[in-house]
$ cat data.cif   # mmCIF, C-alpha atoms
data_entry
#
loop_
_atom_site.label_atom_id
_atom_site.label_comp_id
_atom_site.auth_asym_id
_atom_site.auth_seq_id
_atom_site.Cartn_x
_atom_site.Cartn_y
_atom_site.Cartn_z
CA HIS R 1291 -39.95 44.02 34.03
CA GLY R 1292 -42.63 42.73 31.61
CA ALA R 1293 -41.20 44.72 28.70
CA HIS R 1294 -37.71 43.48 29.47
CA GLU R 1295 -38.94 39.88 29.59
CA SER R 1296 -40.75 40.31 26.27
CA ARG R 1297 -37.62 41.75 24.63
CA ARG R 1298 -35.51 38.90 25.99
CA ARG R 1299 -37.89 36.34 24.48
CA ARG R 1300 -37.84 38.08 21.06
CA VAL R 1301 -34.03 38.12 21.07
CA GLY R 1302 -33.92 34.46 22.06
CA ALA R 1303 -36.36 33.59 19.29
CA ARG R 1304 -34.21 35.44 16.74
CA ARG R 1305 -31.12 33.58 17.94
CA ARG R 1306 -32.86 30.26 17.58
CA SER R 1307 -34.18 31.09 14.12
CA PRO R 1308 -32.04 29.62 11.29
CA ALA R 1309 -32.91 32.58 9.09
CA LEU R 1310 -31.80 35.25 11.57
CA ASN R 1311 -28.87 33.56 13.24
CA PRO R 1312 -25.82 33.15 10.98
CA GLN R 1313 -24.42 30.50 13.35
CA VAL R 1314 -27.34 28.20 12.59
CA SER R 1315 -27.38 26.42 9.22
CA ASN R 1316 -30.05 27.35 6.73
CA PRO R 1317 -32.92 24.88 6.25
CA HIS R 1318 -31.40 23.32 3.11
CA VAL R 1319 -28.08 22.64 4.82
CA PHE R 1320 -29.92 21.34 7.87
CA ALA R 1321 -31.92 18.96 5.67
CA ARG R 1322 -28.75 17.74 3.95
CA GLN R 1323 -27.14 17.13 7.34
CA ASN R 1324 -30.17 15.12 8.48
CA LEU R 1325 -30.10 13.15 5.22
CA ALA R 1326 -26.39 12.42 5.63
CA ARG R 1327 -26.94 11.36 9.24
CA PHE R 1328 -29.78 9.06 8.19
CA ALA R 1329 -27.63 7.59 5.40
CA LEU R 1330 -24.80 6.87 7.86
CA TRP R 1331 -27.16 5.13 10.28
CA ALA R 1332 -28.70 3.16 7.41
CA LEU R 1333 -25.21 2.10 6.27
CA ALA R 1334 -24.32 1.06 9.83
CA ALA R 1335 -27.57 -0.93 10.09
CA ALA R 1336 -26.92 -2.65 6.77
CA LEU R 1337 -23.36 -3.52 7.79
CA ALA R 1338 -24.57 -4.83 11.16
CA ALA R 1339 -27.22 -6.96 9.44
CA TRP R 1340 -24.58 -8.36 7.07
CA LEU R 1341 -22.21 -9.14 9.95
CA LEU R 1342 -24.89 -10.79 12.06
CA ALA R 1343 -26.67 -12.68 9.27
CA PRO R 1344 -24.84 -16.01 9.90
CA ALA R 1345 -25.98 -15.84 13.53
CA LEU R 1346 -29.52 -16.54 12.33
CA THR R 1347 -28.50 -20.09 11.43
CA PRO R 1348 -25.89 -21.18 13.99
CA VAL R 1349 -24.53 -24.70 13.77
CA PRO R 1350 -22.96 -27.06 16.31
CA VAL R 1351 -19.21 -27.18 15.78
CA GLU R 1352 -17.87 -29.06 18.80
CA GLY R 1353 -19.22 -31.89 20.89
CA PHE R 1354 -19.97 -29.70 23.90
CA SER R 1355 -22.79 -27.86 22.10
CA ALA R 1356 -24.44 -31.15 21.17
CA ALA R 1357 -23.97 -32.24 24.79
CA ILE R 1358 -25.81 -29.14 26.06
CA MET R 1359 -28.75 -29.86 23.75
CA SER R 1360 -28.88 -33.54 24.63
CA ILE R 1361 -28.58 -33.05 28.38
CA GLY R 1362 -31.28 -30.37 28.26
CA VAL R 1363 -33.68 -32.65 26.42
CA HIS R 1364 -32.93 -35.54 28.77
CA LEU R 1365 -33.54 -33.25 31.77
CA ALA R 1366 -36.92 -32.30 30.30
CA GLN R 1367 -37.76 -35.98 29.83
CA GLY R 1368 -36.58 -36.93 33.33
CA ASP R 1369 -33.96 -39.46 32.22
CA VAL R 1370 -30.73 -37.45 32.31
CA ALA R 1371 -28.76 -40.56 33.31
CA ALA R 1372 -29.38 -41.92 29.81
CA PHE R 1373 -27.29 -39.13 28.24
CA ASP R 1374 -24.13 -41.25 28.06
CA ARG R 1375 -24.21 -44.60 29.84
CA LEU R 1376 -20.86 -45.68 28.36
CA GLN R 1377 -18.95 -42.61 29.60
CA PRO R 1378 -20.68 -41.34 32.79
CA PHE R 1379 -17.97 -38.71 33.30
CA ASN R 1380 -19.25 -36.87 30.21
CA LEU R 1381 -22.54 -36.34 32.02
CA GLU R 1382 -20.80 -35.16 35.20
CA PHE R 1383 -18.58 -32.68 33.42
CA PHE R 1384 -20.99 -31.20 30.88
CA ALA R 1385 -23.97 -31.14 33.23
CA LEU R 1386 -22.09 -29.42 36.08
CA SER R 1387 -19.92 -27.05 34.06
CA LYS R 1388 -22.76 -25.98 31.74
CA LEU R 1389 -25.76 -26.47 34.00
CA GLY R 1390 -27.32 -23.08 33.30
CA ALA R 1391 -27.34 -23.63 29.53
CA ALA R 1392 -28.70 -27.17 29.93
CA LEU R 1393 -31.47 -25.91 32.23
CA GLY R 1394 -32.40 -23.27 29.66
CA VAL R 1395 -32.73 -25.91 26.96
CA ALA R 1396 -34.68 -28.16 29.34
CA GLY R 1397 -37.14 -25.37 30.20
CA ALA R 1398 -37.77 -24.56 26.54
CA ALA R 1399 -38.20 -28.24 25.68
CA ARG R 1400 -40.52 -28.99 28.59
CA PHE R 1401 -42.79 -25.95 28.56
CA PHE R 1402 -42.78 -25.01 24.87
CA GLY R 1403 -42.16 -28.38 23.24
CA LEU R 1404 -39.05 -27.18 21.41
CA GLY R 1405 -36.27 -29.43 20.20
CA GLY R 1406 -32.81 -29.13 21.68
CA MET R 1407 -31.27 -27.35 18.67
CA THR R 1408 -34.18 -24.90 18.35
CA ALA R 1409 -34.06 -24.12 22.06
CA LEU R 1410 -30.30 -23.45 22.02
CA THR R 1411 -30.63 -21.37 18.84
CA LEU R 1412 -33.24 -19.15 20.51
CA MET R 1413 -31.06 -18.86 23.61
CA MET R 1414 -28.18 -17.79 21.41
CA ALA R 1415 -30.27 -15.20 19.54
CA ALA R 1416 -31.68 -13.70 22.74
CA GLY R 1417 -28.25 -13.76 24.37
CA GLU R 1418 -26.58 -12.03 21.41
CA ALA R 1419 -29.21 -9.27 21.38
CA ILE R 1420 -28.96 -8.69 25.14
CA MET R 1421 -25.17 -8.68 25.04
CA LEU R 1422 -24.97 -6.17 22.19
CA VAL R 1423 -27.41 -3.78 23.87
CA CYS R 1424 -25.62 -3.98 27.21
CA VAL R 1425 -22.18 -3.56 25.63
CA PHE R 1426 -23.44 -0.46 23.80
CA VAL R 1427 -24.95 1.05 26.96
CA LEU R 1428 -21.89 0.31 29.11
CA ALA R 1429 -19.39 1.55 26.51
CA ARG R 1430 -21.29 4.82 26.16
CA ARG R 1431 -21.43 5.33 29.91
CA TRP R 1432 -17.82 4.41 30.62
CA SER R 1433 -16.26 6.19 27.65
CA GLY R 1434 -18.60 9.16 27.25
CA ALA R 1435 -18.42 8.59 23.48
CA PRO R 1436 -21.35 9.53 21.22
CA ALA R 1437 -23.62 6.74 20.06
CA PRO R 1438 -22.41 6.65 16.41
CA LEU R 1439 -18.81 6.25 17.53
CA VAL R 1440 -19.68 3.37 19.87
CA VAL R 1441 -21.61 1.67 17.08
CA LEU R 1442 -18.61 2.08 14.76
CA VAL R 1443 -16.28 0.54 17.34
CA MET R 1444 -18.66 -2.39 17.83
CA LEU R 1445 -18.79 -2.93 14.07
CA LEU R 1446 -14.98 -2.99 14.05
CA THR R 1447 -14.96 -5.74 16.72
CA PRO R 1448 -15.55 -9.03 14.85
CA GLY R 1449 -15.80 -11.23 17.94
CA LEU R 1450 -19.06 -9.56 18.97
CA ALA R 1451 -20.77 -11.10 15.94
CA GLU R 1452 -18.68 -14.08 14.92
CA SER R 1453 -18.97 -15.90 18.25
CA ALA R 1454 -22.70 -16.26 17.58
CA PHE R 1455 -22.19 -18.14 14.31
CA PHE R 1456 -22.22 -21.53 16.05
CA HIS R 1457 -23.88 -23.02 19.12
CA ASN R 1458 -22.03 -22.38 22.37
CA ASP R 1459 -22.61 -21.42 25.98
CA ASN R 1460 -20.34 -18.36 25.80
CA ILE R 1461 -22.98 -16.06 24.31
CA PRO R 1462 -25.71 -16.77 26.93
CA ALA R 1463 -23.12 -16.44 29.71
CA ALA R 1464 -21.77 -13.19 28.24
CA ALA R 1465 -25.32 -11.83 27.96
CA LEU R 1466 -25.85 -12.47 31.66
CA THR R 1467 -22.51 -10.95 32.68
CA SER R 1468 -23.08 -7.86 30.50
CA ALA R 1469 -26.57 -7.43 31.94
CA ALA R 1470 -25.10 -7.79 35.44
CA PHE R 1471 -22.48 -5.11 34.74
CA ALA R 1472 -25.26 -2.85 33.38
CA CYS R 1473 -27.19 -3.29 36.64
CA PHE R 1474 -24.02 -2.47 38.60
CA ALA R 1475 -23.25 0.61 36.49
CA LEU R 1476 -26.77 2.03 36.28
CA GLY R 1477 -28.86 0.70 39.14
CA GLY R 1478 -29.23 1.50 42.82
CA LEU R 1479 -28.84 -1.01 45.60
CA PRO R 1480 -31.71 -3.22 44.31
CA GLY R 1481 -29.94 -3.18 40.94
CA TRP R 1482 -26.83 -4.59 42.58
CA ALA R 1483 -28.85 -7.46 44.04
CA ALA R 1484 -30.39 -8.15 40.61
CA GLY R 1485 -26.99 -7.84 38.95
CA GLY R 1486 -25.52 -10.30 41.41
CA ALA R 1487 -28.27 -12.78 40.63
CA LEU R 1488 -27.63 -12.41 36.90
CA TYR R 1489 -23.93 -12.95 37.46
CA GLY R 1490 -24.66 -16.06 39.50
CA LEU R 1491 -26.69 -17.45 36.60
CA ALA R 1492 -23.78 -16.62 34.26
CA VAL R 1493 -21.39 -18.63 36.45
CA LEU R 1494 -23.94 -21.45 36.52
CA THR R 1495 -23.90 -21.35 32.72
CA ARG R 1496 -20.12 -21.14 32.36
CA PRO R 1497 -17.92 -21.08 35.49
CA ASP R 1498 -14.91 -19.36 33.90
CA VAL R 1499 -16.82 -16.04 33.63
CA ALA R 1500 -16.41 -15.74 37.42
CA VAL R 1501 -12.92 -14.31 36.78
CA ALA R 1502 -14.37 -11.14 35.23
CA ALA R 1503 -16.18 -10.40 38.52
CA VAL R 1504 -13.01 -8.60 39.60
CA ALA R 1505 -14.64 -5.59 37.93
CA ALA R 1506 -17.50 -5.46 40.46
CA PRO R 1507 -15.63 -3.79 43.37
CA LEU R 1508 -14.03 -1.34 40.94
CA ILE R 1509 -17.44 -0.39 39.51
CA ALA R 1510 -18.70 0.07 43.07
CA ALA R 1511 -15.75 2.34 43.87
CA MET R 1512 -16.38 4.36 40.69
CA ARG R 1513 -20.03 4.86 41.60
CA PHE R 1514 -20.01 5.20 45.37
CA ALA R 1515 -16.33 5.85 46.22
CA LEU R 1516 -15.00 4.06 49.31
CA THR R 1517 -18.20 4.43 51.33
CA PRO R 1518 -20.52 2.10 53.26
CA ARG R 1519 -22.90 2.31 50.31
CA ALA R 1520 -20.27 0.65 48.11
CA ALA R 1521 -19.80 -2.12 50.67
CA GLY R 1522 -23.56 -2.60 50.88
CA ALA R 1523 -23.85 -2.81 47.10
CA LEU R 1524 -21.15 -5.47 46.92
CA ALA R 1525 -22.77 -7.43 49.76
CA LEU R 1526 -26.13 -7.43 47.96
CA ALA R 1527 -24.46 -8.52 44.74
CA ALA R 1528 -22.67 -11.34 46.54
CA ILE R 1529 -25.89 -12.54 48.18
CA GLY R 1530 -27.81 -12.42 44.89
CA GLY R 1531 -25.03 -14.22 43.06
CA ALA R 1532 -24.66 -16.92 45.70
CA CYS R 1533 -28.39 -17.64 45.68
CA ALA R 1534 -28.64 -17.80 41.89
CA TRP R 1535 -25.61 -20.07 41.63
CA LEU R 1536 -25.80 -22.32 44.70
CA ILE R 1537 -29.53 -23.04 44.87
CA PRO R 1538 -29.73 -24.67 41.40
CA LEU R 1539 -26.53 -26.56 42.15
CA HIS R 1540 -28.00 -27.82 45.42
CA LEU R 1541 -31.21 -28.88 43.70
CA ALA R 1542 -29.06 -30.81 41.21
CA GLY R 1543 -27.35 -32.57 44.13
CA ALA R 1544 -24.00 -30.86 43.57
CA SER R 1545 -21.77 -28.16 45.02
CA PRO R 1546 -18.92 -25.90 43.83
CA LEU R 1547 -16.49 -28.53 45.11
CA ASP R 1548 -17.97 -31.02 42.66
CA ILE R 1549 -17.38 -28.56 39.81
CA LEU R 1550 -13.75 -28.19 40.88
CA ALA R 1551 -13.35 -31.97 41.08
CA VAL R 1552 -14.74 -32.66 37.59
CA SER R 1553 -12.74 -29.73 36.18
CA ARG R 1554 -9.50 -31.17 37.59
CA ARG R 1555 -10.28 -34.57 36.13
CA ALA R 1556 -11.16 -33.03 32.76
CA ILE R 1557 -7.82 -31.23 32.75
CA VAL R 1558 -6.03 -34.53 33.36
CA LEU R 1559 -7.98 -36.28 30.58
CA TRP R 1560 -8.19 -33.56 27.92
CA SER R 1561 -5.61 -30.92 28.76
CA ARG R 1562 -3.21 -29.55 26.15
CA ASP R 1563 0.17 -27.96 26.71
CA PRO R 1564 -0.04 -24.17 27.16
CA ILE R 1565 0.49 -22.14 23.97
CA TYR R 1566 1.23 -18.58 25.00
CA GLY R 1567 1.58 -17.24 21.48
CA ARG R 1568 -1.96 -18.33 20.71
CA GLN R 1569 -3.20 -16.05 23.49
CA PHE R 1570 -2.40 -12.94 21.47
CA LEU R 1571 -3.73 -14.55 18.28
CA GLU R 1572 -7.13 -15.20 19.86
CA ILE R 1573 -7.27 -11.64 21.20
CA LEU R 1574 -6.51 -10.39 17.69
CA VAL R 1575 -9.20 -12.66 16.23
CA PHE R 1576 -11.76 -11.37 18.73
CA LEU R 1577 -10.93 -7.66 18.42
CA GLY R 1578 -9.52 -7.33 14.93
CA ALA R 1579 -6.50 -5.14 14.25
CA PRO R 1580 -8.29 -1.74 14.22
CA ALA R 1581 -10.16 -2.31 17.49
CA LEU R 1582 -7.01 -3.72 19.11
CA ILE R 1583 -5.11 -0.52 18.26
CA LEU R 1584 -8.01 1.60 19.52
CA THR R 1585 -8.10 -0.41 22.75
CA PHE R 1586 -4.44 0.30 23.45
CA ALA R 1587 -5.04 3.95 22.59
CA GLY R 1588 -7.91 4.08 25.07
CA GLY R 1589 -5.80 2.62 27.86
CA TRP R 1590 -3.01 5.06 27.04
CA THR R 1591 -5.51 7.93 27.15
CA LEU R 1592 -6.67 7.03 30.66
CA ALA R 1593 -3.08 6.60 31.81
CA GLN R 1594 -2.12 10.03 30.47
CA ARG R 1595 -5.13 11.61 32.16
CA ARG R 1596 -4.15 9.84 35.38
CA GLU R 1597 -7.69 8.54 35.79
CA ARG R 1598 -6.45 5.67 37.91
CA LEU R 1599 -9.76 4.24 39.03
CA ALA R 1600 -11.29 4.32 35.53
CA PHE R 1601 -8.10 2.75 34.16
CA ALA R 1602 -8.23 -0.01 36.77
CA MET R 1603 -11.93 -0.67 36.19
CA LEU R 1604 -11.53 -1.08 32.42
CA VAL R 1605 -8.10 -2.71 32.27
CA ALA R 1606 -7.96 -4.93 35.37
CA PRO R 1607 -10.63 -7.44 34.21
CA ILE R 1608 -8.81 -7.88 30.89
CA VAL R 1609 -5.42 -8.35 32.54
CA VAL R 1610 -6.64 -10.68 35.30
CA PHE R 1611 -8.63 -12.82 32.87
CA ASN R 1612 -5.64 -13.25 30.57
CA LEU R 1613 -3.33 -14.04 33.47
CA VAL R 1614 -5.65 -16.70 34.82
CA PHE R 1615 -5.99 -18.31 31.39
CA ALA R 1616 -2.41 -17.65 30.26
CA GLY R 1617 -1.51 -20.17 27.57
CA LYS R 1618 -4.99 -21.73 27.78
CA LEU R 1619 -7.06 -19.28 25.78
CA TRP R 1620 -8.04 -21.72 23.03
CA GLN R 1621 -10.98 -19.89 21.47
CA ALA R 1622 -11.69 -16.19 20.91
CA ARG R 1623 -15.22 -16.67 22.25
CA GLN R 1624 -13.78 -17.10 25.75
CA LEU R 1625 -13.22 -13.32 25.73
CA GLN R 1626 -16.93 -12.53 25.45
CA PRO R 1627 -17.36 -11.48 29.14
CA LEU R 1628 -14.72 -8.78 28.55
CA ALA R 1629 -16.56 -7.19 25.61
CA PRO R 1630 -17.86 -4.13 27.53
CA PHE R 1631 -14.35 -3.28 28.70
CA PHE R 1632 -12.75 -3.75 25.28
CA VAL R 1633 -15.38 -1.62 23.52
CA ALA R 1634 -15.25 1.15 26.14
CA LEU R 1635 -11.46 1.36 25.84
CA ALA R 1636 -11.65 1.32 22.04
CA ALA R 1637 -14.24 4.10 22.09
CA LEU R 1638 -11.93 6.18 24.29
CA GLY R 1639 -9.08 5.52 21.89
CA ALA R 1640 -11.21 6.50 18.90
CA GLN R 1641 -12.11 9.77 20.62
CA ARG R 1642 -8.44 10.47 21.30
CA ILE R 1643 -7.42 9.76 17.72
CA GLY R 1644 -10.31 11.85 16.40
CA ALA R 1645 -9.27 14.78 18.56
CA ALA R 1646 -5.69 14.45 17.33
CA LEU R 1647 -6.86 14.46 13.71
CA ARG R 1648 -8.90 17.61 14.24
CA GLN R 1649 -5.84 19.34 15.70
CA ALA R 1650 -3.48 18.17 12.95
CA GLU R 1651 -1.84 20.79 10.73
CA SER R 1652 -3.12 18.96 7.65
CA PRO R 1653 -6.37 17.30 8.77
CA ARG R 1654 -7.35 16.09 5.30
CA LEU R 1655 -4.04 14.29 4.85
CA ALA R 1656 -4.29 12.80 8.34
CA ARG R 1657 -7.83 11.58 7.72
CA ALA R 1658 -6.84 10.11 4.37
CA ALA R 1659 -3.97 8.24 6.02
CA LEU R 1660 -6.30 6.93 8.74
CA ALA R 1661 -8.86 5.79 6.13
CA ALA R 1662 -6.11 4.00 4.19
CA CYS R 1663 -4.93 2.22 7.35
CA LEU R 1664 -8.47 1.15 8.26
CA ALA R 1665 -9.06 -0.14 4.71
CA ALA R 1666 -5.79 -2.09 4.82
CA PHE R 1667 -6.69 -3.63 8.18
CA ALA R 1668 -10.19 -4.49 6.97
CA LEU R 1669 -8.95 -6.18 3.80
CA MET R 1670 -5.88 -7.91 5.15
CA PRO R 1671 -6.17 -11.75 5.30
CA MET R 1672 -6.43 -13.26 8.78
#

$ encode --input "data.cif" --output "structure tokens"
Amino acid sequence: HGAHESRRRRVGARRRSPALNPQVSNPHVFARQNLARFALWALAAALAAWLLAPALTPVPVEGFSAAIMSIGVHLAQGDVAAFDRLQPFNLEFFALSKLGAALGVAGAARFFGLGGMTALTLMMAAGEAIMLVCVFVLARRWSGAPAPLVVLVMLLTPGLAESAFFHNDNIPAAALTSAAFACFALGGLPGWAAGGALYGLAVLTRPDVAVAAVAAPLIAAMRFALTPRAAGALALAAIGGACAWLIPLHLAGASPLDILAVSRRAIVLWSRDPIYGRQFLEILVFLGAPALILTFAGGWTLAQRRERLAFAMLVAPIVVFNLVFAGKLWQARQLQPLAPFFVALAALGAQRIGAALRQAESPRLARAALAACLAAFALMPM
């Protein structure tokens, strides 16, 4: 037995040796492959740095971002009523609909002595980093795609970077929702409670992200099937979310009914007629043409495989969100909570297209055609 074991080890060593195994590349080829891999990652890092560079100096574009800063500073100073004495409804609407963001600014101003703009800028930077990491992790888990492919898809999705170029509450809210989905997808029952709390804070920051919560029961079904464990996970998430959302509201002397009331009044005062064509335009602005095509390809792939639950989990949040805001999707940044689902679908589509190219009768011609299409999409004016 000992001699046989020794022979087996020698054979295994020979098989693993690049010099003795013709299936393993020689050291020079292996070094060139490592160098090429390093060069590709360096190129991706440089492109990501170029895309995200404007996010280092975000600017306020609309009045709501200035309102978040001002309300946060007034909260820290204890005189929030002085925010807008001429138009008290502005305080009601912005404070209740963006309370989480205002509280974040207030905490940074009170405990660290930061100004409103600096505090919101740091919130944006932290939120962007958290969102990108969570989107990457979730897309890899849900699509099974290799890391370089997921990074490529994220680089092809302009909305992931461009929404951080100016101050808004979408990025912090999307960071919290993405982190919540990561807890749901990766954690045990305590993770569902933590994820629920994160989602509650996201709704406190921006109430419209609540629509994307339709994904939670589908994630639970994917992980635990239709079992009592799935029901328990959803119950813990609901409890965590309710506590994180309702307790701060109660301490502020408000309730969800107050948010609904001010939202209805804001619609009466500031509403615009629905523009359904703009819906598709904003989706295109957020995804870009290549990622949009890959997203459709990913959905088609799941449909062909008849992976119904995976299809529902990735597609239902996108469909429900767009139905709820049909004709009222005014800015591409509103789609931020859906980023994990878009990127996962696009990664699936990229895998499908890559497999088709490898099986093509003339793979070089097919790859050249794909490269030409991607270059045309990248250079086309928007």

$ resolve_selection --input "data.cif" --expression "the PyMOL selection byres ((chain R and resi 1371-1387) around 9)" --output "CSV table (one decimal) with C-alpha atoms, keeping the file's coordinate frame"
chain,number,residue,atom,x,y,z
R,1354,PHE,CA,-20.0,-29.7,23.9
R,1357,ALA,CA,-24.0,-32.2,24.8
R,1358,ILE,CA,-25.8,-29.1,26.1
R,1360,SER,CA,-28.9,-33.5,24.6
R,1361,ILE,CA,-28.6,-33.0,28.4
R,1362,GLY,CA,-31.3,-30.4,28.3
R,1364,HIS,CA,-32.9,-35.5,28.8
R,1365,LEU,CA,-33.5,-33.2,31.8
R,1368,GLY,CA,-36.6,-36.9,33.3
R,1369,ASP,CA,-34.0,-39.5,32.2
R,1370,VAL,CA,-30.7,-37.4,32.3
R,1388,LYS,CA,-22.8,-26.0,31.7
R,1389,LEU,CA,-25.8,-26.5,34.0
R,1390,GLY,CA,-27.3,-23.1,33.3
R,1392,ALA,CA,-28.7,-27.2,29.9
R,1493,VAL,CA,-21.4,-18.6,36.4
R,1494,LEU,CA,-23.9,-21.4,36.5
R,1495,THR,CA,-23.9,-21.4,32.7
R,1496,ARG,CA,-20.1,-21.1,32.4
R,1497,PRO,CA,-17.9,-21.1,35.5
R,1539,LEU,CA,-26.5,-26.6,42.2
R,1542,ALA,CA,-29.1,-30.8,41.2
R,1544,ALA,CA,-24.0,-30.9,43.6
R,1548,ASP,CA,-18.0,-31.0,42.7
R,1549,ILE,CA,-17.4,-28.6,39.8
R,1552,VAL,CA,-14.7,-32.7,37.6
R,1553,SER,CA,-12.7,-29.7,36.2
R,1555,ARG,CA,-10.3,-34.6,36.1
R,1556,ALA,CA,-11.2,-33.0,32.8

$ closest_residue --input "data.cif" --among "R:Ala1500, R:Ala1532, R:Leu1445, R:Ala1636" --to "Ala1483 of chain R" --atoms "all atoms listed in the file"
R:Ala1532

$ residues_around --input "data.cif" --residues "segment 1563-1571 of chain R" --least-positions-apart "5" --cutoff "6 Å" --atoms "all atoms listed in the file" --output "list in words"
Gly1617, Lys1618 and Leu1619 of chain R

$ atom_distance --input "data.cif" --atom1 "atom CA of Ala1602 of chain R" --atom2 "atom CA of Gly1531 of chain R"
22.9 Å

$ atom_distance --input "data.cif" --atom1 "atom CA of Trp1560 of chain R" --atom2 "atom CA of Val1349 of chain R"
23.4 Å

$ resolve_selection --input "data.cif" --expression "the PyMOL selection byres ((chain R and resi 1424) around 9)" --output "JSON, numbers by chain"
{"R": [1419, 1420, 1421, 1422, 1423, 1425, 1426, 1427, 1428, 1429, 1465, 1468, 1469, 1471, 1472, 1630]}

$ write_last_selection --input "data.cif" --atoms "C-alpha atoms" --output "PDB file, keeping the file's coordinate frame"
ATOM      1  CA  ALA R1419     -29.210  -9.270  21.380  1.00  0.00           C
ATOM      2  CA  ILE R1420     -28.960  -8.690  25.140  1.00  0.00           C
ATOM      3  CA  MET R1421     -25.170  -8.680  25.040  1.00  0.00           C
ATOM      4  CA  LEU R1422     -24.970  -6.170  22.190  1.00  0.00           C
ATOM      5  CA  VAL R1423     -27.410  -3.780  23.870  1.00  0.00           C
ATOM      6  CA  VAL R1425     -22.180  -3.560  25.630  1.00  0.00           C
ATOM      7  CA  PHE R1426     -23.440  -0.460  23.800  1.00  0.00           C
ATOM      8  CA  VAL R1427     -24.950   1.050  26.960  1.00  0.00           C
ATOM      9  CA  LEU R1428     -21.890   0.310  29.110  1.00  0.00           C
ATOM     10  CA  ALA R1429     -19.390   1.550  26.510  1.00  0.00           C
ATOM     11  CA  ALA R1465     -25.320 -11.830  27.960  1.00  0.00           C
ATOM     12  CA  SER R1468     -23.080  -7.860  30.500  1.00  0.00           C
ATOM     13  CA  ALA R1469     -26.570  -7.430  31.940  1.00  0.00           C
ATOM     14  CA  PHE R1471     -22.480  -5.110  34.740  1.00  0.00           C
ATOM     15  CA  ALA R1472     -25.260  -2.850  33.380  1.00  0.00           C
ATOM     16  CA  PRO R1630     -17.860  -4.130  27.530  1.00  0.00           C
TER      17      PRO R1630
END

$ closest_residue --input "data.cif" --among "R:Gly1588, R:Pro1438, R:Gly1481, R:Pro1448" --to "Leu1330 of chain R" --atoms "all atoms listed in the file"
R:Pro1438

$ closest_residue --input "data.cif" --among "R:Ala1502, R:Ala1356, R:Val1605, R:Ala1451" --to "Trp1590 of chain R" --atoms "all atoms listed in the file"
R:Val1605

$ residues_around --input "data.cif" --residues "Ile1583 of chain R" --least-positions-apart "5" --cutoff "12 Å" --atoms "all atoms listed in the file" --output "PyMOL selection string"
chain R and resi 1443+1446-1447+1573-1574+1577-1578+1588-1590+1632-1633+1635-1640+1642-1643+1663-1664+1667

$ atom_distance --input "data.cif" --atom1 "atom CA of Leu1613 of chain R" --atom2 "atom CA of Gln1626 of chain R"
15.9 Å
